[in-house]
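Encoded as structure tokens, the structure appears first; notes follow it.
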Amino acid sequence: MKRSLIAVGASLFISSAFASEKSLQLEDVFDLEYANQIEFSHDAELVYFVRNRMDIKTDKKVSNIWSVNVKSKKMLPVTSGVHIDYAPELSPQGDRLAFISTRDGSSQIYVKWLTSGAVAKISNLTQSPRALHWAPDGKSIVFSQFVPEPAKTPVSLKGKPKGANWAKPPIFIDDVFYRADGAGYNKPGFTHLFKIDANGGNAQQLTSGQFNHGGNVSFSPDGETIYFSANRHREHELKITNSEVYALDIKSLEIKAVTDRIGPDSSPAVSPNGRLLAYLGYDDKRTNYENTNIYVLDLDKGESRVLSEKLDRNIESIQWDSKSRGLFYSYDSQGQTVVAHQPLKGKSKVITEKVGSVSFGRPYSGGDFDVSVKGDIAFTMADTQRPADVALVKRGKTQRLTHLNKDALGNKALGKVEELWVKSKYDQLDIQGWVVYPPNFDSTKKYPLVLEIHGGPVANYGPHFSAEAQLFAAKGNVVLYMNPRGSDSYGKAFAQTIHHNYPSNDFDDLMTGVDALIEKGFIDEERLFVTGGSGGGVLTAWTVGHTDRFAAAVVAKPVINWFSFVLTADFYPYFADYWFPGKPWEHTEHYMKRSPISYVGNVKTPTMLLTGDADYRTPISETEQYYQALKLQGVETAMVRIPDASHGITARPSNLMNKVAYIQWWFDKHSK
């Protein structure tokens, strides 16, 4: 064996369990790459993209910008170095590429002149820039940036002697949102739009006020107006989804609302002819889920209409065609991400259903695309055997332009992935899932089963590459992942079945999938295991509180008590208003009925918990509650805390390795 032992943590050695030289090993995570952030050249001959890889020395993702020729498929580096280059934006003239880079130790704006190859840092910002957008004349770039404000200190002690070593002063907090997962405790301030000269200089602040301004912006063709989305309402902190599209006059800096309704309006896009403004949004009905639709506003008449009302799916991104006759857009459907074209008049047309996820840890859907002036589509293509590459749809034909993981995975025996449909034993509702088979699978043998449950809860898995699922399969497990009721990509009614009703019969959907695999005859019923993270952690804890059929469970970053969750999570106004009929103290019975902690007395399954100790989305106090409850109940349990990790535990490659290793260790420990 090339590498026979890996130390995981202080004393956990597990790579010898992965027997075959050609099977996927934990350390192979560092060899994986993926593409995202697609950008077409103006002549449609090149596709620029961000090439992401994992650096084993720093245990972090690094990325550079590359190009690939659509005819020859020749790849060339645009940037290089062990840092992060991202957000490429081509100038309107096609001669320069703006991007953000951390190469000097902080995130700054750079421009590369594509003819000469010269690169210049054009900003010297104190905060990280986001969302670069060129002005139509190519002379300036608009971006967003956080603007700090003085900390609030209503009390200031006097009498401190010179040189005295007093304790740090208290931190005063009176904001609704005071901490955020992945960022920690918020610093006082707001995000605003800025403009900077494309040749460098001082950035000019365009927006003001105690509101956040950011995300995608769109210029009018004359460059005099910027359209952007923000929530500038008086109750913006508590009514967090009520954003509008605004128009900003570049000269006067006057801001006017373009939309006005209860609900989120976002992603403004001015048509090439300047007459129409497309944007995304929906009417807020305080449900757990609504489909986001495409709206088109006639800027002269001031009239807006829905363009996608016949599509029972959630629109994720939009882009005008070059002749202002319609829009390209993406959405998820049955676990796949689709790019389609909707003309202003007439029926929509699907362009490709092969857009692949840019996340390779678990098989979530999603992906990026861009449209050339010729109507060609460049997009991220991923499948069950490979993370995202760059692909092209031209005249209806699809071709993969890159093969980023040919060296890393070309000699690996990966698990075959097969689609599975079942009818829920609760109400015969159609439920989709996928089965990952171990390499060299033999249907005459018996295999352990790992049920892996997605988070969200409104999210979806699909036929995409999953390092975690493949690593479990390499250990000899059959892996089942499903989209139970409440998942998106199946329409509004399917997602809303869990409105004020979660967890519930999604548990029945999952058990139906487990039963369907057992009926095939190759599953060892004494070695059934279950795990999931976030919403999947909720359902895992719910599962062991409602059945004893699993030999062991690993509950990752869960919600255990909805009452305490709503009062400690970072996004609490949304959870209280949309996931529940009201505040916890007004609906205590409802909250507790849906809380896994209420069923801890039923648990007999050995259950391990795994959470990042800097998780502010599902705070680790939720994990601690369940751990202590299981201890009091006499159930075999353990708690794994991932130091410094937020809700996205696997942001660092070694954390992904540790996560899989600990879960597999717990399952091996309880294999009969």
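Every chain in the structure tokens has a letter given in the order shown (A, B, ...), and although residue numbers restart at 1 in each chain, ligands are simply numbered from 1 in the order shown.
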Show which residues sit within 6 Å of range 422-425 of chain A, as a compact mmCIF listing (two decimals) with N, CA, C and O atoms, in the first residue's frame. Count only C-alpha atoms, and ignore same-chain residues fewer than 4 positions away.
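Wrote out_4.txt, looks like this:
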# COMPACT_ATOMS: atom_id res chain seq x y z
N LEU A 429 -46.62 8.87 -1.72
CA LEU A 429 -45.97 9.98 -2.41
C LEU A 429 -44.67 9.49 -3.05
O LEU A 429 -43.91 8.73 -2.44
N ASP A 430 -44.41 9.90 -4.30
CA ASP A 430 -43.19 9.50 -5.00
C ASP A 430 -41.98 10.18 -4.37
O ASP A 430 -41.93 11.41 -4.25
N ILE A 431 -40.98 9.37 -3.99
CA ILE A 431 -39.77 9.86 -3.34
C ILE A 431 -38.56 9.37 -4.12
O ILE A 431 -38.45 8.18 -4.43
N ASP A 509 -40.72 8.53 4.70
CA ASP A 509 -40.13 8.47 3.37
C ASP A 509 -38.76 7.79 3.41
O ASP A 509 -38.45 6.93 2.57
N THR A 512 -38.97 4.10 4.08
CA THR A 512 -39.43 3.39 2.89
C THR A 512 -38.25 3.07 1.99
O THR A 512 -38.17 1.97 1.41
Mind dumping a table of every range 141-191 of chain A residue within 12 Å of range 98-114 of chain A, with the nearest atom pair and its distance in Å to one decimal, using only C-alpha atoms, sorted by chain and rising number, as a tab-separated table?
residue	atom	partner	partner_atom	distance
A:Ile141	CA	A:Ala98	CA	8.6
A:Val142	CA	A:Ile109	CA	10.8
A:Phe143	CA	A:Ile109	CA	9.5
A:Ser144	CA	A:Ile109	CA	11.5
A:Gln145	CA	A:Gln108	CA	10.9
Range 622-628 of chain A surroundings by only C-alpha atoms, 9 Å radius, close-in-sequence under 5 positions cut, as a PyMOL selection string: chain A and resi 541+555-561+564-565+596-597+600+607-611+633+637-639
How would the residues just picked look written out with all heavy atoms as a short mmCIF file (atom, residue, chain, number, x, y, z; two decimals), in the first residue's frame?
data_model
loop_
_atom_site.label_atom_id
_atom_site.label_comp_id
_atom_site.auth_asym_id
_atom_site.auth_seq_id
_atom_site.Cartn_x
_atom_site.Cartn_y
_atom_site.Cartn_z
N ALA A 541 -31.57 12.29 14.66
CA ALA A 541 -32.00 12.23 16.07
C ALA A 541 -33.47 11.83 16.17
O ALA A 541 -33.87 11.09 17.08
CB ALA A 541 -31.76 13.58 16.74
N VAL A 555 -25.20 11.81 14.76
CA VAL A 555 -26.01 13.02 14.60
C VAL A 555 -25.05 14.20 14.47
O VAL A 555 -24.34 14.55 15.41
CB VAL A 555 -26.93 13.21 15.83
CG1 VAL A 555 -27.68 14.52 15.72
CG2 VAL A 555 -27.89 12.04 15.96
N ALA A 556 -24.99 14.82 13.29
CA ALA A 556 -24.05 15.91 13.03
C ALA A 556 -24.76 17.26 13.06
O ALA A 556 -25.84 17.41 12.47
CB ALA A 556 -23.35 15.71 11.69
N LYS A 557 -24.18 18.21 13.75
CA LYS A 557 -24.64 19.61 13.85
C LYS A 557 -26.17 19.74 13.85
O LYS A 557 -26.74 20.39 12.98
CB LYS A 557 -24.00 20.45 12.75
CG LYS A 557 -24.12 19.89 11.33
CD LYS A 557 -23.30 20.72 10.34
CE LYS A 557 -23.43 20.19 8.93
NZ LYS A 557 -22.62 20.93 7.96
N PRO A 558 -26.82 19.15 14.85
CA PRO A 558 -28.28 19.05 14.81
C PRO A 558 -29.00 20.20 15.52
O PRO A 558 -28.39 21.02 16.22
CB PRO A 558 -28.52 17.77 15.60
CG PRO A 558 -27.48 17.83 16.67
CD PRO A 558 -26.26 18.44 16.01
N VAL A 559 -30.30 20.25 15.33
CA VAL A 559 -31.23 20.93 16.23
C VAL A 559 -31.90 19.82 17.04
O VAL A 559 -32.46 18.89 16.47
CB VAL A 559 -32.29 21.76 15.48
CG1 VAL A 559 -33.29 22.35 16.48
CG2 VAL A 559 -31.64 22.85 14.67
N ILE A 560 -31.83 19.94 18.35
CA ILE A 560 -32.41 18.95 19.24
C ILE A 560 -33.65 19.48 19.95
O ILE A 560 -34.61 18.77 20.20
CB ILE A 560 -31.35 18.50 20.29
CG1 ILE A 560 -30.18 17.81 19.58
CG2 ILE A 560 -31.97 17.61 21.34
CD1 ILE A 560 -30.56 16.57 18.80
N ASN A 561 -33.63 20.78 20.20
CA ASN A 561 -34.71 21.44 20.94
C ASN A 561 -35.07 22.72 20.19
O ASN A 561 -34.31 23.70 20.21
CB ASN A 561 -34.22 21.75 22.37
CG ASN A 561 -35.28 22.39 23.24
OD1 ASN A 561 -36.22 23.01 22.76
ND2 ASN A 561 -35.11 22.25 24.54
N SER A 564 -35.01 26.10 22.28
CA SER A 564 -33.70 26.71 22.54
C SER A 564 -33.00 27.11 21.25
O SER A 564 -32.25 28.10 21.21
CB SER A 564 -32.82 25.76 23.34
OG SER A 564 -32.65 24.53 22.66
N PHE A 565 -33.24 26.36 20.17
CA PHE A 565 -32.62 26.68 18.88
C PHE A 565 -33.03 28.08 18.40
O PHE A 565 -32.19 28.90 18.03
CB PHE A 565 -33.00 25.64 17.84
CG PHE A 565 -32.74 26.06 16.41
CD1 PHE A 565 -31.46 26.06 15.89
CD2 PHE A 565 -33.79 26.44 15.58
CE1 PHE A 565 -31.21 26.44 14.58
CE2 PHE A 565 -33.56 26.82 14.27
CZ PHE A 565 -32.27 26.83 13.77
N PRO A 596 -36.55 16.61 18.73
CA PRO A 596 -36.03 15.28 19.05
C PRO A 596 -35.78 15.05 20.54
O PRO A 596 -35.85 13.91 21.00
CB PRO A 596 -34.72 15.22 18.25
CG PRO A 596 -34.96 16.12 17.07
CD PRO A 596 -35.79 17.25 17.63
N ILE A 597 -35.52 16.11 21.29
CA ILE A 597 -35.26 15.95 22.73
C ILE A 597 -36.48 15.35 23.43
O ILE A 597 -36.35 14.66 24.46
CB ILE A 597 -34.88 17.32 23.36
CG1 ILE A 597 -34.27 17.11 24.76
CG2 ILE A 597 -36.07 18.24 23.45
CD1 ILE A 597 -32.91 16.51 24.74
N VAL A 600 -36.18 11.48 23.58
CA VAL A 600 -34.92 10.88 24.02
C VAL A 600 -35.16 9.67 24.91
O VAL A 600 -34.33 8.76 24.99
CB VAL A 600 -34.03 11.94 24.71
CG1 VAL A 600 -34.61 12.33 26.07
CG2 VAL A 600 -32.60 11.45 24.85
N THR A 607 -25.47 6.41 19.92
CA THR A 607 -25.56 7.64 19.12
C THR A 607 -24.40 8.57 19.44
O THR A 607 -24.24 9.02 20.58
CB THR A 607 -26.89 8.36 19.39
OG1 THR A 607 -27.98 7.48 19.06
CG2 THR A 607 -27.00 9.63 18.56
N MET A 608 -23.61 8.88 18.43
CA MET A 608 -22.52 9.84 18.57
C MET A 608 -22.95 11.18 17.97
O MET A 608 -23.70 11.21 17.00
CB MET A 608 -21.25 9.34 17.88
CG MET A 608 -20.02 10.22 18.10
SD MET A 608 -18.50 9.45 17.49
CE MET A 608 -18.71 9.66 15.73
N LEU A 609 -22.46 12.26 18.54
CA LEU A 609 -22.75 13.60 18.03
C LEU A 609 -21.47 14.26 17.54
O LEU A 609 -20.39 14.06 18.11
CB LEU A 609 -23.40 14.46 19.12
CG LEU A 609 -24.75 13.93 19.59
CD1 LEU A 609 -24.64 13.43 21.02
CD2 LEU A 609 -25.81 15.00 19.48
N LEU A 610 -21.59 15.06 16.46
CA LEU A 610 -20.42 15.68 15.84
C LEU A 610 -20.80 17.08 15.37
O LEU A 610 -21.69 17.23 14.53
CB LEU A 610 -19.95 14.82 14.67
CG LEU A 610 -18.65 15.18 13.97
CD1 LEU A 610 -17.98 13.91 13.42
CD2 LEU A 610 -18.87 16.16 12.82
N THR A 611 -20.14 18.10 15.94
CA THR A 611 -20.49 19.49 15.64
C THR A 611 -19.25 20.37 15.76
O THR A 611 -18.37 20.11 16.58
CB THR A 611 -21.58 19.99 16.61
OG1 THR A 611 -22.72 19.14 16.51
CG2 THR A 611 -22.00 21.41 16.29
N GLN A 633 -29.97 9.07 30.16
CA GLN A 633 -30.84 7.97 29.76
C GLN A 633 -30.11 6.63 29.76
O GLN A 633 -30.73 5.57 29.64
CB GLN A 633 -31.42 8.26 28.37
CG GLN A 633 -32.48 7.30 27.87
CD GLN A 633 -33.75 7.32 28.71
OE1 GLN A 633 -33.97 8.24 29.49
NE2 GLN A 633 -34.58 6.30 28.56
N THR A 637 -23.08 6.89 24.15
CA THR A 637 -22.97 8.10 23.34
C THR A 637 -21.55 8.64 23.43
O THR A 637 -20.76 8.28 24.30
CB THR A 637 -23.98 9.17 23.79
OG1 THR A 637 -23.93 10.27 22.88
CG2 THR A 637 -23.70 9.67 25.19
N ALA A 638 -21.23 9.53 22.53
CA ALA A 638 -19.95 10.24 22.52
C ALA A 638 -20.18 11.57 21.81
O ALA A 638 -21.12 11.72 21.03
CB ALA A 638 -18.87 9.43 21.82
N MET A 639 -19.33 12.54 22.10
CA MET A 639 -19.44 13.85 21.47
C MET A 639 -18.11 14.21 20.82
O MET A 639 -17.07 14.18 21.48
CB MET A 639 -19.84 14.92 22.50
CG MET A 639 -19.89 16.33 21.91
SD MET A 639 -20.71 17.54 23.01
CE MET A 639 -19.81 17.32 24.54
#
Residues of range 242-323 of chain A that have any atom at most 6 Å from an atom of range 197-221 of chain A: could you tabulate them with the shortest-distance atom pair and the distance in Å to one decimal, using only C-alpha atoms, ordered by chain and increasing number, as CSV?
residue,atom,partner,partner_atom,distance
A:Ser267,CA,A:Asn216,CA,5.7
A:Ala269,CA,A:Ser218,CA,5.4
A:Gly274,CA,A:Pro221,CA,5.8
Residues of the last selection are to be written out with C-alpha atoms, as an mmCIF file, in the first residue's frame.
data_model
loop_
_atom_site.group_PDB
_atom_site.id
_atom_site.type_symbol
_atom_site.label_atom_id
_atom_site.label_comp_id
_atom_site.auth_asym_id
_atom_site.auth_seq_id
_atom_site.Cartn_x
_atom_site.Cartn_y
_atom_site.Cartn_z
ATOM 1 C CA SER A 267 -30.873 39.886 -8.813
ATOM 2 C CA ALA A 269 -30.629 42.575 -14.680
ATOM 3 C CA GLY A 274 -32.007 49.103 -21.796
#
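Counting only C-alpha atoms, range 187-189 of chain A has the following residues at most 10 Å away, ignoring those fewer than 6 positions along the same chain: Phe146, Val147, Pro148, Glu149, Pro150, Ala151, Lys152, Ile173, Asp175, Tyr178, Arg179, Gly209, Gln210, Phe211 and Asn212 of chain A.
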Distance of CA of Glu290 in chain A from CA of Lys583 in chain A, expressed in Å to one decimal place: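 Atom-to-atom, CA of Lys583 in chain A and CA of Glu290 in chain A are spaced 21.4 Å apart.
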